[in-house]
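**Q** Here you go, one structure.
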Amino acid sequence: MPELPEVETIRRGLEKFVLGKRIADVKILCEKSFRGDAHFVIGQKIKRFDRKGKALLIQLENGFWMMVHLRMTGQLIFIGDDKFAAGHPDGGFTEEMPGRHTRVYFEFEDGTHLYFNDQRKFGFIAVMDELSLATDPFLTKLAPEPWYMKPDDFWAMLQRHKSAPIKAVILDQKNIAGVGNIYADEGCFYAKILPWRKVATLSREDADLLLEGLCKVMQASIDSGGSTMKDYVKADGTKGNYLEKFSQVFRREGLECRRCGAEIQKTRTAGRGTHYCPGCQE
DNA sequence: CTAGGATCCTGTCAGC
DNA sequence: TGCTGACAGGATCCTA
């Protein structure tokens, strides 16, 4: 579920609360959720948190890395004097940790913990050396994030997928990085494009507007995630919800369009639930 | 090469 | 109540 803005929110939170901590132990409760050798991680200090698209990268002082991908239902929860959670919106601090969905957790030297929870087990943490990171198939094929893509590049990319629905194209991380189901729908709404339109039917203006929309909705969400994080830091279990704050179509089926007043609809495109306004998208 | 569908896994919810 | 199928903020694998 977490898309780029969620992962960036996590990255910032971890940078604030976990950077520099030394990992005393790693508990693996689900083998599938942890790839590679935990021995390269135990005893190491966390040197840096980075992010590429939806992938979180953690650099250790010995030069090894951990790549975390949350996929659909992953979340990271830090519990110490401060508490911080982000990712999949379920659970949070209501459960005892480790909980029913905890797959892996880290114990730091100072007694604090970082939990990786993942209901559906699609996500993972992978221990990687420099070479495996540099040659990782997902990372090497990952396209630029929207704000690093020029309108010309975006347009050129679209020309390679003329017969696909536009939503399917922007969901593919090899085409543009970080867009998921929420921002695909929100971006199409911004550009007034129906998500199932074949790319061939889009004008250059449509494409420019869509790229602009993707940049804007994702940046707004990152900014909002920042304020959500503050609520979490208060450790009161508050569920910040940036969707409520500025979603125009996502999970608003049956409600009025904020732009034209028509009723937001939900259908299926590219195998995913798809939200749109029949009044102002075409 | 692209496009589309099945698949990984667990949980919840609507409908019978 | 119990069963069944659909669906879920993702990405890969397989087939055509």
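Labels for the structure tokens follow display order: chains A, B, ..., residues from 1 in each chain, ligands from 1.
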Would you kindly report the residues of chain B within 9 Å of chain A, using only C-alpha atoms (C1' of nucleotides), as a list in words?

**A**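 Going by the stated atoms only, the list reads DT2, DA3, DG4, DG5, DC8, DC9, DT10 and DG11 of chain B.
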
**Q** Do you have, as CSV, the list of residues of chain A lying at most 6 Å from chain C, each with its nearest atom pair and that distance in Å to one decimal, counting only C-alpha atoms (C1' of nucleotides) and ordered by chain then number?

**A**
```
residue,atom,partner,partner_atom,distance
A:Met1,CA,C:DG9,C1',3.3
A:Pro2,CA,C:DG9,C1',5.2
A:Arg71,CA,C:DG10,C1',4.7
A:Met72,CA,C:DG10,C1',5.4
A:Asn181,CA,C:DG9,C1',5.7
A:Ile182,CA,C:DG9,C1',5.8
```

**Q** If you run DSSP on the backbone, which residues of segment 166-262 of chain A are helix (DSSP H, G or I), as JSON, numbers by chain?

**A** {"A": [166, 167, 168, 169, 170, 171, 181, 182, 183, 184, 185, 186, 187, 188, 189, 190, 191, 199, 200, 201, 204, 205, 206, 207, 208, 209, 210, 211, 212, 213, 214, 215, 216, 217, 218, 219, 220, 221, 222, 223, 224, 225, 226, 227, 228, 229, 230, 231, 232, 233, 242, 243, 244, 245, 246]}

**Q** Write out, as a short mmCIF file (atom, residue, chain, number, x, y, z; two decimals), in the first residue's frame, the residues just selected, with C-alpha atoms.

**A**
```
data_model
loop_
_atom_site.label_atom_id
_atom_site.label_comp_id
_atom_site.auth_asym_id
_atom_site.auth_seq_id
_atom_site.Cartn_x
_atom_site.Cartn_y
_atom_site.Cartn_z
CA ILE A 166 -2.57 5.32 -19.10
CA LYS A 167 -3.05 4.13 -15.53
CA ALA A 168 -1.25 0.83 -16.21
CA VAL A 169 1.67 2.78 -17.68
CA ILE A 170 2.18 5.12 -14.73
CA LEU A 171 1.82 2.26 -12.22
CA ASN A 181 -2.84 3.18 -6.95
CA ILE A 182 -3.74 6.34 -5.03
CA TYR A 183 -1.59 8.77 -6.96
CA ALA A 184 -2.35 7.17 -10.31
CA ASP A 185 -6.04 7.95 -9.71
CA GLU A 186 -5.34 11.36 -8.17
CA GLY A 187 -2.98 12.30 -11.00
CA CYS A 188 -5.52 11.33 -13.67
CA PHE A 189 -8.16 13.39 -11.85
CA TYR A 190 -5.83 16.38 -11.75
CA ALA A 191 -5.24 16.10 -15.50
CA VAL A 199 -2.07 6.38 -24.25
CA ALA A 200 -2.47 6.91 -28.00
CA THR A 201 -5.55 9.08 -27.34
CA ARG A 204 0.83 16.37 -25.43
CA GLU A 205 -1.09 18.80 -23.19
CA ASP A 206 -2.77 15.87 -21.42
CA ALA A 207 0.62 14.29 -20.79
CA ASP A 208 2.19 17.50 -19.49
CA LEU A 209 -0.73 18.04 -17.14
CA LEU A 210 -0.57 14.46 -15.89
CA LEU A 211 3.13 14.71 -15.06
CA GLU A 212 2.48 18.00 -13.29
CA GLY A 213 -0.40 16.40 -11.38
CA LEU A 214 1.68 13.43 -10.25
CA CYS A 215 4.38 15.78 -8.96
CA LYS A 216 1.86 17.95 -7.13
CA VAL A 217 -0.20 15.23 -5.46
CA MET A 218 2.84 13.29 -4.32
CA GLN A 219 4.63 16.37 -3.02
CA ALA A 220 1.50 17.48 -1.16
CA SER A 221 1.30 14.05 0.40
CA ILE A 222 4.92 14.10 1.50
CA ASP A 223 4.30 17.49 3.11
CA SER A 224 1.17 16.14 4.79
CA GLY A 225 2.99 12.98 5.90
CA GLY A 226 5.33 15.27 7.76
CA SER A 227 2.49 16.62 9.82
CA THR A 228 1.04 13.14 10.27
CA MET A 229 4.36 12.06 11.70
CA LYS A 230 4.09 14.64 14.47
CA ASP A 231 0.84 13.07 15.65
CA TYR A 232 2.51 9.70 15.76
CA VAL A 233 5.44 11.07 17.73
CA TYR A 242 -3.63 12.27 4.83
CA LEU A 243 -6.09 10.61 2.50
CA GLU A 244 -9.00 12.29 4.26
CA LYS A 245 -7.23 15.58 4.01
CA PHE A 246 -6.75 15.91 0.31
#
```

**Q** Please return, as a ChimeraX atom specification, all residues of segment 16-139 of chain A that DSSP assigns to strand (DSSP E) on the basis of the backbone.

**A** /A:23-28,34-35,46-52,55-60,65-69,74-79,83-87,102-108,113-118,124-128

**Q** Excluding Tyr276 of chain A and residues on its chain fewer than 6 positions from it, collect all residues at most 7 Å away from it, counting only C-alpha atoms (C1' of nucleotides), and give them as a PyMOL selection string.

**A** chain A and resi 185+189+194+249+264-266

**Q** Would you mind exporting N, CA and C atoms of the selected residues as a PDB file, in the first residue's frame?

**A**
```
ATOM      1  N   ASP A 185      -4.677   7.416  -9.604  1.00  0.00           N
ATOM      2  CA  ASP A 185      -6.040   7.948  -9.709  1.00  0.00           C
ATOM      3  C   ASP A 185      -6.071   9.462  -9.499  1.00  0.00           C
ATOM      4  N   PHE A 189      -7.122  12.402 -12.182  1.00  0.00           N
ATOM      5  CA  PHE A 189      -8.161  13.389 -11.849  1.00  0.00           C
ATOM      6  C   PHE A 189      -7.641  14.807 -12.076  1.00  0.00           C
ATOM      7  N   LEU A 194      -9.548  10.159 -18.012  1.00  0.00           N
ATOM      8  CA  LEU A 194     -10.069   8.888 -17.512  1.00  0.00           C
ATOM      9  C   LEU A 194      -8.921   7.867 -17.521  1.00  0.00           C
ATOM     10  N   VAL A 249     -10.418  11.752  -5.361  1.00  0.00           N
ATOM     11  CA  VAL A 249     -11.213  10.637  -5.864  1.00  0.00           C
ATOM     12  C   VAL A 249     -10.979   9.329  -5.099  1.00  0.00           C
ATOM     13  N   ILE A 264     -18.575  10.677  -7.543  1.00  0.00           N
ATOM     14  CA  ILE A 264     -17.358   9.912  -7.818  1.00  0.00           C
ATOM     15  C   ILE A 264     -17.715   8.435  -7.964  1.00  0.00           C
ATOM     16  N   GLN A 265     -17.122   7.800  -8.984  1.00  0.00           N
ATOM     17  CA  GLN A 265     -17.407   6.404  -9.289  1.00  0.00           C
ATOM     18  C   GLN A 265     -16.184   5.539  -9.047  1.00  0.00           C
ATOM     19  N   LYS A 266     -16.455   4.238  -8.877  1.00  0.00           N
ATOM     20  CA  LYS A 266     -15.345   3.292  -8.764  1.00  0.00           C
ATOM     21  C   LYS A 266     -15.524   2.168  -9.766  1.00  0.00           C
TER      22      LYS A 266
END
```

**Q** Using Å and a single decimal, report how far atom CA of Trp155 of chain A sits from atom CA of Arg51 of chain A.

**A**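 These two atoms are separated by 25.2 Å.
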
**Q** Pick out the residues sitting within 7 Å of segment 62-65 of chain A, and hand them over as a list in words; count only C-alpha atoms (C1' of nucleotides), and ignore anything fewer than 6 positions along from it in its own chain.

**A** Gln44, Val127, Met128, Asp129 and Glu130 of chain A
